[in-house]
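Q: Sharing model.pdb, PDB, C-alpha atoms:
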ATOM      1  CA  MET C 239     -25.088  -0.125  11.384  1.00  0.00           C
ATOM      2  CA  ASP C 240     -22.347  -1.197  13.744  1.00  0.00           C
ATOM      3  CA  GLN C 241     -19.275   0.958  14.329  1.00  0.00           C
ATOM      4  CA  ALA C 242     -17.039  -0.782  11.773  1.00  0.00           C
ATOM      5  CA  ALA C 243     -19.679  -0.502   9.060  1.00  0.00           C
ATOM      6  CA  GLU C 244     -20.263   3.167   9.888  1.00  0.00           C
ATOM      7  CA  ARG C 245     -16.578   4.004   9.690  1.00  0.00           C
ATOM      8  CA  LEU C 246     -16.200   2.095   6.432  1.00  0.00           C
ATOM      9  CA  ALA C 247     -19.214   3.853   4.913  1.00  0.00           C
ATOM     10  CA  GLU C 248     -17.851   7.260   5.958  1.00  0.00           C
ATOM     11  CA  VAL C 249     -14.414   6.640   4.448  1.00  0.00           C
ATOM     12  CA  ARG C 250     -15.933   5.319   1.226  1.00  0.00           C
ATOM     13  CA  ALA C 251     -18.202   8.367   1.026  1.00  0.00           C
ATOM     14  CA  ASN C 252     -15.224  10.695   1.499  1.00  0.00           C
ATOM     15  CA  ILE C 253     -13.340   8.884  -1.263  1.00  0.00           C
ATOM     16  CA  ALA C 254     -16.336   9.172  -3.578  1.00  0.00           C
ATOM     17  CA  ALA C 255     -16.719  12.897  -2.836  1.00  0.00           C
ATOM     18  CA  ALA C 256     -13.025  13.603  -3.436  1.00  0.00           C
ATOM     19  CA  ALA C 257     -13.065  11.577  -6.652  1.00  0.00           C
ATOM     20  CA  LYS C 258     -16.126  13.468  -7.880  1.00  0.00           C
ATOM     21  CA  ARG C 259     -14.442  16.812  -7.218  1.00  0.00           C
ATOM     22  CA  ALA C 260     -11.468  15.644  -9.267  1.00  0.00           C
ATOM     23  CA  GLY C 261     -13.617  14.326 -12.110  1.00  0.00           C
ATOM     24  CA  ARG C 262     -12.718  10.722 -11.310  1.00  0.00           C
ATOM     25  CA  GLU C 263     -14.760   7.605 -10.658  1.00  0.00           C
ATOM     26  CA  ALA C 264     -14.817   6.418  -7.034  1.00  0.00           C
ATOM     27  CA  ASP C 265     -14.221   2.835  -8.084  1.00  0.00           C
ATOM     28  CA  ALA C 266     -10.848   3.894  -9.538  1.00  0.00           C
ATOM     29  CA  VAL C 267      -9.598   4.131  -5.940  1.00  0.00           C
ATOM     30  CA  CYS C 268      -8.775   1.023  -3.901  1.00  0.00           C
ATOM     31  CA  LEU C 269      -9.275   1.439  -0.160  1.00  0.00           C
ATOM     32  CA  ILE C 270      -6.677  -0.510   1.855  1.00  0.00           C
ATOM     33  CA  ALA C 271      -7.610  -0.968   5.516  1.00  0.00           C
ATOM     34  CA  VAL C 272      -4.332  -0.813   7.434  1.00  0.00           C
ATOM     35  CA  SER C 273      -4.710  -3.631   9.950  1.00  0.00           C
ATOM     36  CA  LYS C 274      -1.161  -3.603  11.352  1.00  0.00           C
ATOM     37  CA  THR C 275      -1.089  -4.138  15.153  1.00  0.00           C
ATOM     38  CA  HIS C 276      -4.813  -5.030  15.130  1.00  0.00           C
ATOM     39  CA  ASP C 277      -5.807  -8.559  16.042  1.00  0.00           C
ATOM     40  CA  ALA C 278      -8.259 -10.810  14.241  1.00  0.00           C
ATOM     41  CA  ASP C 279     -11.168  -9.772  16.465  1.00  0.00           C
ATOM     42  CA  ALA C 280     -10.680  -6.139  15.440  1.00  0.00           C
ATOM     43  CA  ILE C 281     -10.402  -7.051  11.754  1.00  0.00           C
ATOM     44  CA  ARG C 282     -13.428  -9.354  11.459  1.00  0.00           C
ATOM     45  CA  PRO C 283     -16.062  -6.578  11.761  1.00  0.00           C
ATOM     46  CA  LEU C 284     -14.571  -4.766   8.767  1.00  0.00           C
ATOM     47  CA  ILE C 285     -14.536  -7.983   6.754  1.00  0.00           C
ATOM     48  CA  ALA C 286     -18.175  -8.528   7.735  1.00  0.00           C
ATOM     49  CA  ALA C 287     -18.953  -4.982   6.553  1.00  0.00           C
ATOM     50  CA  GLY C 288     -17.550  -5.810   3.112  1.00  0.00           C
ATOM     51  CA  GLN C 289     -13.940  -4.619   3.246  1.00  0.00           C
ATOM     52  CA  ARG C 290     -11.600  -6.926   1.319  1.00  0.00           C
ATOM     53  CA  HIS C 291      -8.258  -5.086   0.905  1.00  0.00           C
ATOM     54  CA  PHE C 292      -6.003  -4.991   3.983  1.00  0.00           C
ATOM     55  CA  GLY C 293      -2.497  -3.670   4.617  1.00  0.00           C
ATOM     56  CA  GLU C 294       0.184  -4.978   6.957  1.00  0.00           C
ATOM     57  CA  ASN C 295       3.627  -3.620   7.867  1.00  0.00           C
ATOM     58  CA  ARG C 296       5.410  -6.821   8.875  1.00  0.00           C
ATOM     59  CA  VAL C 297       5.584 -10.235   7.252  1.00  0.00           C
ATOM     60  CA  GLN C 298       5.657 -12.123  10.552  1.00  0.00           C
ATOM     61  CA  GLU C 299       2.640 -10.323  11.994  1.00  0.00           C
ATOM     62  CA  ALA C 300       0.639 -10.939   8.831  1.00  0.00           C
ATOM     63  CA  ALA C 301       1.636 -14.605   8.738  1.00  0.00           C
ATOM     64  CA  ALA C 302       0.378 -15.048  12.289  1.00  0.00           C
ATOM     65  CA  LYS C 303      -3.167 -13.833  11.673  1.00  0.00           C
ATOM     66  CA  TRP C 304      -4.119 -13.780   7.986  1.00  0.00           C
ATOM     67  CA  PRO C 305      -4.108 -17.477   6.979  1.00  0.00           C
ATOM     68  CA  ALA C 306      -6.910 -18.125   9.488  1.00  0.00           C
ATOM     69  CA  LEU C 307      -8.820 -14.968   8.518  1.00  0.00           C
ATOM     70  CA  ARG C 308      -8.550 -15.858   4.834  1.00  0.00           C
ATOM     71  CA  ALA C 309      -9.946 -19.303   5.614  1.00  0.00           C
ATOM     72  CA  GLU C 310     -13.017 -17.589   7.086  1.00  0.00           C
ATOM     73  CA  ALA C 311     -13.688 -15.107   4.256  1.00  0.00           C
ATOM     74  CA  SER C 312     -13.221 -15.218   0.504  1.00  0.00           C
ATOM     75  CA  GLY C 313     -11.772 -12.545  -1.729  1.00  0.00           C
ATOM     76  CA  ILE C 314      -9.230 -11.027   0.680  1.00  0.00           C
ATOM     77  CA  THR C 315      -6.374  -9.094  -0.951  1.00  0.00           C
ATOM     78  CA  LEU C 316      -3.361  -8.539   1.277  1.00  0.00           C
ATOM     79  CA  HIS C 317      -0.947  -5.619   0.777  1.00  0.00           C
ATOM     80  CA  LEU C 318       2.514  -5.301   2.341  1.00  0.00           C
ATOM     81  CA  ILE C 319       2.980  -1.597   3.026  1.00  0.00           C
ATOM     82  CA  GLY C 320       5.964  -1.703   5.395  1.00  0.00           C
ATOM     83  CA  ARG C 321       9.656  -1.936   4.641  1.00  0.00           C
ATOM     84  CA  LEU C 322      10.706  -5.405   3.503  1.00  0.00           C
ATOM     85  CA  GLN C 323      13.995  -7.077   4.373  1.00  0.00           C
ATOM     86  CA  SER C 324      15.547  -8.916   1.448  1.00  0.00           C
ATOM     87  CA  ASN C 325      15.769 -12.148   3.447  1.00  0.00           C
ATOM     88  CA  LYS C 326      11.964 -12.048   3.899  1.00  0.00           C
ATOM     89  CA  ALA C 327      11.255 -11.676   0.169  1.00  0.00           C
ATOM     90  CA  GLU C 328      10.141 -15.263  -0.355  1.00  0.00           C
ATOM     91  CA  ASP C 329       7.832 -15.154   2.673  1.00  0.00           C
ATOM     92  CA  ALA C 330       6.350 -11.889   1.402  1.00  0.00           C
ATOM     93  CA  VAL C 331       5.723 -13.228  -2.097  1.00  0.00           C
ATOM     94  CA  THR C 332       4.068 -16.297  -0.587  1.00  0.00           C
ATOM     95  CA  LEU C 333       1.704 -14.315   1.633  1.00  0.00           C
ATOM     96  CA  PHE C 334       0.965 -10.997  -0.071  1.00  0.00           C
ATOM     97  CA  ASP C 335      -0.921 -10.087  -3.224  1.00  0.00           C
ATOM     98  CA  ALA C 336       0.762  -6.677  -3.487  1.00  0.00           C
ATOM     99  CA  ILE C 337       4.028  -5.236  -2.173  1.00  0.00           C
ATOM    100  CA  HIS C 338       4.195  -1.435  -1.913  1.00  0.00           C
ATOM    101  CA  SER C 339       7.745  -1.045  -0.585  1.00  0.00           C
ATOM    102  CA  VAL C 340      10.217  -2.047  -3.299  1.00  0.00           C
ATOM    103  CA  ASP C 341      13.003   0.475  -2.717  1.00  0.00           C
ATOM    104  CA  ARG C 342      16.501  -0.842  -3.464  1.00  0.00           C
ATOM    105  CA  PRO C 343      18.437  -3.064  -5.891  1.00  0.00           C
ATOM    106  CA  SER C 344      19.068  -5.867  -3.368  1.00  0.00           C
ATOM    107  CA  LEU C 345      15.336  -6.203  -2.752  1.00  0.00           C
ATOM    108  CA  VAL C 346      14.621  -6.197  -6.491  1.00  0.00           C
ATOM    109  CA  GLN C 347      16.969  -9.138  -6.929  1.00  0.00           C
ATOM    110  CA  ALA C 348      15.553 -11.017  -3.936  1.00  0.00           C
ATOM    111  CA  LEU C 349      11.974 -10.518  -5.137  1.00  0.00           C
ATOM    112  CA  ALA C 350      12.832 -11.587  -8.670  1.00  0.00           C
ATOM    113  CA  LYS C 351      14.304 -14.853  -7.378  1.00  0.00           C
ATOM    114  CA  ALA C 352      11.330 -15.435  -5.064  1.00  0.00           C
ATOM    115  CA  CYS C 353       8.774 -14.758  -7.801  1.00  0.00           C
ATOM    116  CA  ASP C 354      10.525 -17.187 -10.160  1.00  0.00           C
ATOM    117  CA  ARG C 355      10.918 -19.851  -7.480  1.00  0.00           C
ATOM    118  CA  LEU C 356       7.281 -19.654  -6.367  1.00  0.00           C
ATOM    119  CA  ASP C 357       5.818 -18.858  -9.805  1.00  0.00           C
ATOM    120  CA  LYS C 358       3.817 -16.057  -8.189  1.00  0.00           C
ATOM    121  CA  ARG C 359       3.660 -12.424  -9.252  1.00  0.00           C
ATOM    122  CA  PRO C 360       2.341 -10.003  -6.642  1.00  0.00           C
ATOM    123  CA  ARG C 361       1.497  -6.490  -7.758  1.00  0.00           C
ATOM    124  CA  LEU C 362       4.579  -4.329  -7.145  1.00  0.00           C
ATOM    125  CA  PHE C 363       5.047  -0.664  -6.260  1.00  0.00           C
ATOM    126  CA  VAL C 364       8.330   1.201  -5.854  1.00  0.00           C
ATOM    127  CA  GLN C 365       8.383   3.297  -2.688  1.00  0.00           C
ATOM    128  CA  VAL C 366       9.812   6.752  -3.365  1.00  0.00           C
ATOM    129  CA  ASN C 367      11.252   8.903  -0.576  1.00  0.00           C
ATOM    130  CA  VAL C 368       9.529  12.056  -1.811  1.00  0.00           C
ATOM    131  CA  GLY C 369      10.518  14.090   1.249  1.00  0.00           C
ATOM    132  CA  ASP C 370      14.174  13.009   1.177  1.00  0.00           C
ATOM    133  CA  GLU C 371      13.912  11.894   4.813  1.00  0.00           C
ATOM    134  CA  ALA C 372      16.831   9.888   6.171  1.00  0.00           C
ATOM    135  CA  GLN C 373      14.669   7.912   8.620  1.00  0.00           C
ATOM    136  CA  LYS C 374      12.259   6.668   5.951  1.00  0.00           C
ATOM    137  CA  GLY C 375      12.509   3.859   3.446  1.00  0.00           C
ATOM    138  CA  GLY C 376      12.080   4.499  -0.240  1.00  0.00           C
ATOM    139  CA  CYS C 377      14.427   5.189  -3.098  1.00  0.00           C
ATOM    140  CA  ALA C 378      15.557   8.733  -3.796  1.00  0.00           C
ATOM    141  CA  VAL C 379      13.720  10.504  -6.592  1.00  0.00           C
ATOM    142  CA  ALA C 380      16.981  10.707  -8.560  1.00  0.00           C
ATOM    143  CA  ASP C 381      17.493   6.939  -8.237  1.00  0.00           C
ATOM    144  CA  LEU C 382      14.025   5.965  -9.482  1.00  0.00           C
ATOM    145  CA  PRO C 383      14.869   5.539 -13.199  1.00  0.00           C
ATOM    146  CA  ALA C 384      17.782   3.213 -12.431  1.00  0.00           C
ATOM    147  CA  LEU C 385      15.732   1.130  -9.983  1.00  0.00           C
ATOM    148  CA  LEU C 386      12.877   0.755 -12.484  1.00  0.00           C
ATOM    149  CA  ALA C 387      15.369  -0.295 -15.147  1.00  0.00           C
ATOM    150  CA  GLU C 388      16.908  -2.860 -12.815  1.00  0.00           C
ATOM    151  CA  ALA C 389      13.474  -4.269 -11.975  1.00  0.00           C
ATOM    152  CA  ALA C 390      12.604  -4.603 -15.654  1.00  0.00           C
ATOM    153  CA  GLU C 391      15.914  -6.337 -16.356  1.00  0.00           C
ATOM    154  CA  ALA C 392      15.247  -8.750 -13.487  1.00  0.00           C
ATOM    155  CA  GLY C 393      11.849  -9.618 -14.952  1.00  0.00           C
ATOM    156  CA  LEU C 394       9.755  -7.756 -12.387  1.00  0.00           C
ATOM    157  CA  ARG C 395       6.730  -5.787 -13.522  1.00  0.00           C
ATOM    158  CA  ILE C 396       6.454  -2.580 -11.513  1.00  0.00           C
ATOM    159  CA  GLU C 397       2.922  -1.204 -11.773  1.00  0.00           C
ATOM    160  CA  GLY C 398       3.041   1.829  -9.536  1.00  0.00           C
ATOM    161  CA  LEU C 399       4.721   4.102  -7.012  1.00  0.00           C
ATOM    162  CA  MET C 400       4.127   4.554  -3.286  1.00  0.00           C
ATOM    163  CA  ALA C 401       4.994   7.465  -0.997  1.00  0.00           C
ATOM    164  CA  ILE C 402       4.597   8.668   2.582  1.00  0.00           C
ATOM    165  CA  PRO C 403       4.924  12.474   2.701  1.00  0.00           C
ATOM    166  CA  PRO C 404       6.711  14.162   5.631  1.00  0.00           C
ATOM    167  CA  ALA C 405       4.392  14.193   8.633  1.00  0.00           C
ATOM    168  CA  ASP C 406       4.901  17.866   9.472  1.00  0.00           C
ATOM    169  CA  ARG C 407       4.288  19.336   6.009  1.00  0.00           C
ATOM    170  CA  GLU C 408       1.385  19.927   3.655  1.00  0.00           C
ATOM    171  CA  PRO C 409       1.061  16.627   1.742  1.00  0.00           C
ATOM    172  CA  ALA C 410      -0.389  17.922  -1.531  1.00  0.00           C
ATOM    173  CA  PRO C 411       2.936  18.859  -3.203  1.00  0.00           C
ATOM    174  CA  TYR C 412       4.317  15.404  -2.417  1.00  0.00           C
ATOM    175  CA  PHE C 413       1.241  13.670  -3.797  1.00  0.00           C
ATOM    176  CA  ALA C 414       1.534  15.809  -6.923  1.00  0.00           C
ATOM    177  CA  LEU C 415       5.203  14.850  -7.235  1.00  0.00           C
ATOM    178  CA  LEU C 416       4.416  11.131  -6.987  1.00  0.00           C
ATOM    179  CA  ASP C 417       1.668  11.491  -9.577  1.00  0.00           C
ATOM    180  CA  GLU C 418       4.079  13.304 -11.907  1.00  0.00           C
ATOM    181  CA  LEU C 419       6.757  10.629 -11.457  1.00  0.00           C
ATOM    182  CA  ALA C 420       4.273   7.838 -12.142  1.00  0.00           C
ATOM    183  CA  GLU C 421       3.074   9.627 -15.254  1.00  0.00           C
ATOM    184  CA  ARG C 422       6.645  10.204 -16.438  1.00  0.00           C
ATOM    185  CA  HIS C 423       7.446   6.497 -16.160  1.00  0.00           C
ATOM    186  CA  ALA C 424       4.097   5.304 -17.571  1.00  0.00           C
ATOM    187  CA  LEU C 425       3.081   3.594 -14.325  1.00  0.00           C
ATOM    188  CA  PRO C 426      -0.686   3.397 -13.804  1.00  0.00           C
ATOM    189  CA  LEU C 427      -0.856   3.044 -10.002  1.00  0.00           C
ATOM    190  CA  ARG C 428      -0.210   5.525  -7.181  1.00  0.00           C
ATOM    191  CA  SER C 429      -0.322   4.355  -3.547  1.00  0.00           C
ATOM    192  CA  MET C 430      -0.605   7.490  -1.441  1.00  0.00           C
ATOM    193  CA  GLY C 431      -2.780   8.967   1.272  1.00  0.00           C
ATOM    194  CA  MET C 432      -3.537   7.866   4.837  1.00  0.00           C
ATOM    195  CA  SER C 433      -6.226   8.636   7.420  1.00  0.00           C
ATOM    196  CA  GLY C 434      -5.377  12.318   7.737  1.00  0.00           C
ATOM    197  CA  ASP C 435      -5.020  13.159   4.070  1.00  0.00           C
ATOM    198  CA  TYR C 436      -6.577  10.509   1.831  1.00  0.00           C
ATOM    199  CA  PRO C 437      -9.190  12.848   0.261  1.00  0.00           C
ATOM    200  CA  THR C 438      -6.361  15.127  -0.905  1.00  0.00           C
ATOM    201  CA  ALA C 439      -4.492  12.116  -2.267  1.00  0.00           C
ATOM    202  CA  VAL C 440      -7.582  10.990  -4.197  1.00  0.00           C
ATOM    203  CA  MET C 441      -7.943  14.439  -5.741  1.00  0.00           C
ATOM    204  CA  LEU C 442      -4.286  14.284  -6.834  1.00  0.00           C
ATOM    205  CA  GLY C 443      -4.460  10.881  -8.510  1.00  0.00           C
ATOM    206  CA  ALA C 444      -4.212   8.165  -5.835  1.00  0.00           C
ATOM    207  CA  THR C 445      -5.335   4.748  -7.021  1.00  0.00           C
ATOM    208  CA  HIS C 446      -4.681   3.152  -3.608  1.00  0.00           C
ATOM    209  CA  VAL C 447      -5.170   4.829  -0.213  1.00  0.00           C
ATOM    210  CA  ARG C 448      -3.914   3.257   3.016  1.00  0.00           C
ATOM    211  CA  VAL C 449      -6.315   4.053   5.858  1.00  0.00           C
ATOM    212  CA  GLY C 450      -5.934   2.791   9.438  1.00  0.00           C
ATOM    213  CA  THR C 451      -7.169   5.069  12.217  1.00  0.00           C
ATOM    214  CA  ALA C 452     -10.249   6.287  10.328  1.00  0.00           C
ATOM    215  CA  LEU C 453     -11.394   2.653  10.007  1.00  0.00           C
ATOM    216  CA  PHE C 454     -10.167   1.049  13.239  1.00  0.00           C
ATOM    217  CA  GLY C 455     -10.419   4.063  15.558  1.00  0.00           C
ATOM    218  CA  ALA C 456      -7.733   5.899  17.500  1.00  0.00           C
ATOM    219  CA  ARG C 457      -5.296   3.819  19.536  1.00  0.00           C
ATOM    220  CA  ASP C 458      -5.548   3.973  23.309  1.00  0.00           C
TER     221      ASP C 458
END
Spit out the file's structure as structure tokens when you get a sec.

A:
Amino acid sequence: MDQAAERLAEVRANIAAAAKRAGREADAVCLIAVSKTHDADAIRPLIAAGQRHFGENRVQEAAAKWPALRAEASGITLHLIGRLQSNKAEDAVTLFDAIHSVDRPSLVQALAKACDRLDKRPRLFVQVNVGDEAQKGGCAVADLPALLAEAAEAGLRIEGLMAIPPADREPAPYFALLDELAERHALPLRSMGMSGDYPTAVMLGATHVRVGTALFGARD
């Protein structure tokens, strides 16, 4: 197998092992290959190896490379995992199949208008700032009920929650918190876990893991 296929097989095996330990099915976990900052030539080997879910941080970067890649391969699902400016909402709804970073009332309103205008409904996650970090996006835990209510009133269907735990702390308590919040609000999806901690996230209920380095290799 080539390097991309080997890395993909290893990550999938780790997901399956973690799911088995937690009494879950491996196919209950969606692996998102985080392709931000990687060009088309770096992405194509993963597509060739069978990967179909990809994550990008910026609308403009995704718009520059994914239309051509999607023309080459069928079945691609594109996830926006970075913070979204309200004035880019329509572009995001046009391009992405899922948006993981809904985090404030102004964005809810912008997305609602864009979804109605385009008659397109991407899968939506609310990003929660589980570590209460000022430098990170995401709504505060205390503000989550109000934001979910506002989304419902605007006609948006929120299906899950997303979180990025603090980088310098054990992630498990934050994954457990996100799982508890999703359960409390009857949301089926949990987007959590990255290259360094995705097996832990799977064991604690992740339905979507966002993996970059473990699939694309370390940056120079």

Q: Hey, which of C:Gly393, C:Pro383, C:Gly376, C:Gly313 ends up closest to Leu349 in chain C? Count all atoms listed in the file.

A: C:Gly393

Q: To one decimal place, how far is CA of His338 in chain C from CA of Leu318 in chain C in Å?

A: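 Result for CA of His338 in chain C versus CA of Leu318 in chain C: 6.0 Å, one decimal.
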
Q: Which range 243-329 of chain C residues have any atom within 12 Å of an atom of range 440-458 of chain C, and for each, what is the nearest pair of atoms with distance in Å to one decimal, counting only C-alpha atoms, rows sorted by chain and number, as a Markdown table?

A:
| residue | atom | partner | partner_atom | distance |
| --- | --- | --- | --- | --- |
| C:Ala243 | CA | C:Leu453 | CA | 8.9 |
| C:Glu244 | CA | C:Leu453 | CA | 8.9 |
| C:Arg245 | CA | C:Leu453 | CA | 5.4 |
| C:Leu246 | CA | C:Leu453 | CA | 6.0 |
| C:Ala247 | CA | C:Leu453 | CA | 9.4 |
| C:Glu248 | CA | C:Ala452 | CA | 8.8 |
| C:Val249 | CA | C:Ala452 | CA | 7.2 |
| C:Arg250 | CA | C:Leu453 | CA | 10.2 |
| C:Asn252 | CA | C:Val440 | CA | 9.5 |
| C:Ile253 | CA | C:Val440 | CA | 6.8 |
| C:Ala254 | CA | C:Val440 | CA | 9.0 |
| C:Ala255 | CA | C:Met441 | CA | 9.4 |
| C:Ala256 | CA | C:Met441 | CA | 5.6 |
| C:Ala257 | CA | C:Met441 | CA | 5.9 |
| C:Lys258 | CA | C:Met441 | CA | 8.5 |
| C:Arg259 | CA | C:Met441 | CA | 7.1 |
| C:Ala260 | CA | C:Met441 | CA | 5.1 |
| C:Gly261 | CA | C:Met441 | CA | 8.5 |
| C:Arg262 | CA | C:Met441 | CA | 8.2 |
| C:Glu263 | CA | C:Val440 | CA | 10.2 |
| C:Ala264 | CA | C:Val440 | CA | 9.0 |
| C:Asp265 | CA | C:Thr445 | CA | 9.2 |
| C:Ala266 | CA | C:Thr445 | CA | 6.1 |
| C:Val267 | CA | C:Thr445 | CA | 4.4 |
| C:Cys268 | CA | C:His446 | CA | 4.6 |
| C:Leu269 | CA | C:Val447 | CA | 5.3 |
| C:Ile270 | CA | C:Arg448 | CA | 4.8 |
| C:Ala271 | CA | C:Val449 | CA | 5.2 |
| C:Val272 | CA | C:Gly450 | CA | 4.4 |
| C:Ser273 | CA | C:Gly450 | CA | 6.6 |
| C:Lys274 | CA | C:Gly450 | CA | 8.2 |
| C:Thr275 | CA | C:Arg457 | CA | 10.0 |
| C:His276 | CA | C:Phe454 | CA | 8.3 |
| C:Asp277 | CA | C:Phe454 | CA | 10.9 |
| C:Asp279 | CA | C:Phe454 | CA | 11.3 |
| C:Ala280 | CA | C:Phe454 | CA | 7.5 |
| C:Ile281 | CA | C:Phe454 | CA | 8.2 |
| C:Arg282 | CA | C:Phe454 | CA | 11.0 |
| C:Pro283 | CA | C:Phe454 | CA | 9.8 |
| C:Leu284 | CA | C:Leu453 | CA | 8.2 |
| C:Ile285 | CA | C:Leu453 | CA | 11.6 |
| C:Ala287 | CA | C:Leu453 | CA | 11.3 |
| C:Gln289 | CA | C:Leu453 | CA | 10.3 |
| C:His291 | CA | C:Arg448 | CA | 9.6 |
| C:Phe292 | CA | C:Arg448 | CA | 8.6 |
| C:Gly293 | CA | C:Arg448 | CA | 7.2 |
| C:Glu294 | CA | C:Arg448 | CA | 10.0 |
| C:Asn295 | CA | C:Arg448 | CA | 11.3 |
| C:Leu316 | CA | C:Arg448 | CA | 11.9 |
| C:His317 | CA | C:Arg448 | CA | 9.6 |
| C:Leu318 | CA | C:Arg448 | CA | 10.7 |
| C:Ile319 | CA | C:Arg448 | CA | 8.4 |
| C:Gly320 | CA | C:Arg448 | CA | 11.3 |

Q: Can you tell me how far CA of Ala350 in chain C sits from CA of Asp335 in chain C, in Å to one decimal?

A: 14.9 Å

Q: What is the CA of Arg308 in chain C to CA of Ala327 in chain C distance in Å?

A: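 Value for the CA of Arg308 in chain C-CA of Ala327 in chain C distance: 20.8 Å.
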
Q: Between C:His423, C:Pro409, C:Phe334, C:Ala389, single out the one closest to Pro437 in chain C, counting all atoms listed in the file.

A: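 Of the candidates, the smallest distance to Pro437 in chain C is held by C:Pro409.
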
Q: I'd like the contact shell of range 416-420 of chain C - 8 Å cut-off, all atoms listed in the file, skipping same-chain residues fewer than 3 positions apart - returned as an MDAnalysis selection string.

A: chainID C and resid 366 368 398:401 412:413 423:428 442:444

Q: Take the residues from that selection and put them in a file with C-alpha atoms, as a PDB file, in the coordinates of the input.

A:
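For reference, part_29.pdb as written:
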ATOM      1  CA  VAL C 366       9.812   6.752  -3.365  1.00  0.00           C
ATOM      2  CA  VAL C 368       9.529  12.056  -1.811  1.00  0.00           C
ATOM      3  CA  GLY C 398       3.041   1.829  -9.536  1.00  0.00           C
ATOM      4  CA  LEU C 399       4.721   4.102  -7.012  1.00  0.00           C
ATOM      5  CA  MET C 400       4.127   4.554  -3.286  1.00  0.00           C
ATOM      6  CA  ALA C 401       4.994   7.465  -0.997  1.00  0.00           C
ATOM      7  CA  TYR C 412       4.317  15.404  -2.417  1.00  0.00           C
ATOM      8  CA  PHE C 413       1.241  13.670  -3.797  1.00  0.00           C
ATOM      9  CA  HIS C 423       7.446   6.497 -16.160  1.00  0.00           C
ATOM     10  CA  ALA C 424       4.097   5.304 -17.571  1.00  0.00           C
ATOM     11  CA  LEU C 425       3.081   3.594 -14.325  1.00  0.00           C
ATOM     12  CA  PRO C 426      -0.686   3.397 -13.804  1.00  0.00           C
ATOM     13  CA  LEU C 427      -0.856   3.044 -10.002  1.00  0.00           C
ATOM     14  CA  ARG C 428      -0.210   5.525  -7.181  1.00  0.00           C
ATOM     15  CA  LEU C 442      -4.286  14.284  -6.834  1.00  0.00           C
ATOM     16  CA  GLY C 443      -4.460  10.881  -8.510  1.00  0.00           C
ATOM     17  CA  ALA C 444      -4.212   8.165  -5.835  1.00  0.00           C
TER      18      ALA C 444
END

Q: I need the residue nearest Ala301 in chain C from this list: C:Val364, C:Leu333, C:Leu322, C:Ala352. Use only C-alpha atoms for the distance.

A: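 Ranking C:Val364, C:Leu333, C:Leu322, C:Ala352 by distance to Ala301 in chain C, first place goes to C:Leu333.
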
Q: Which of these, C:Leu307, C:Ala414, C:Ala348, C:Ala405, has the shortest distance to Glu328 in chain C once you count all atoms listed in the file?

A: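 Closest candidate: C:Ala348.
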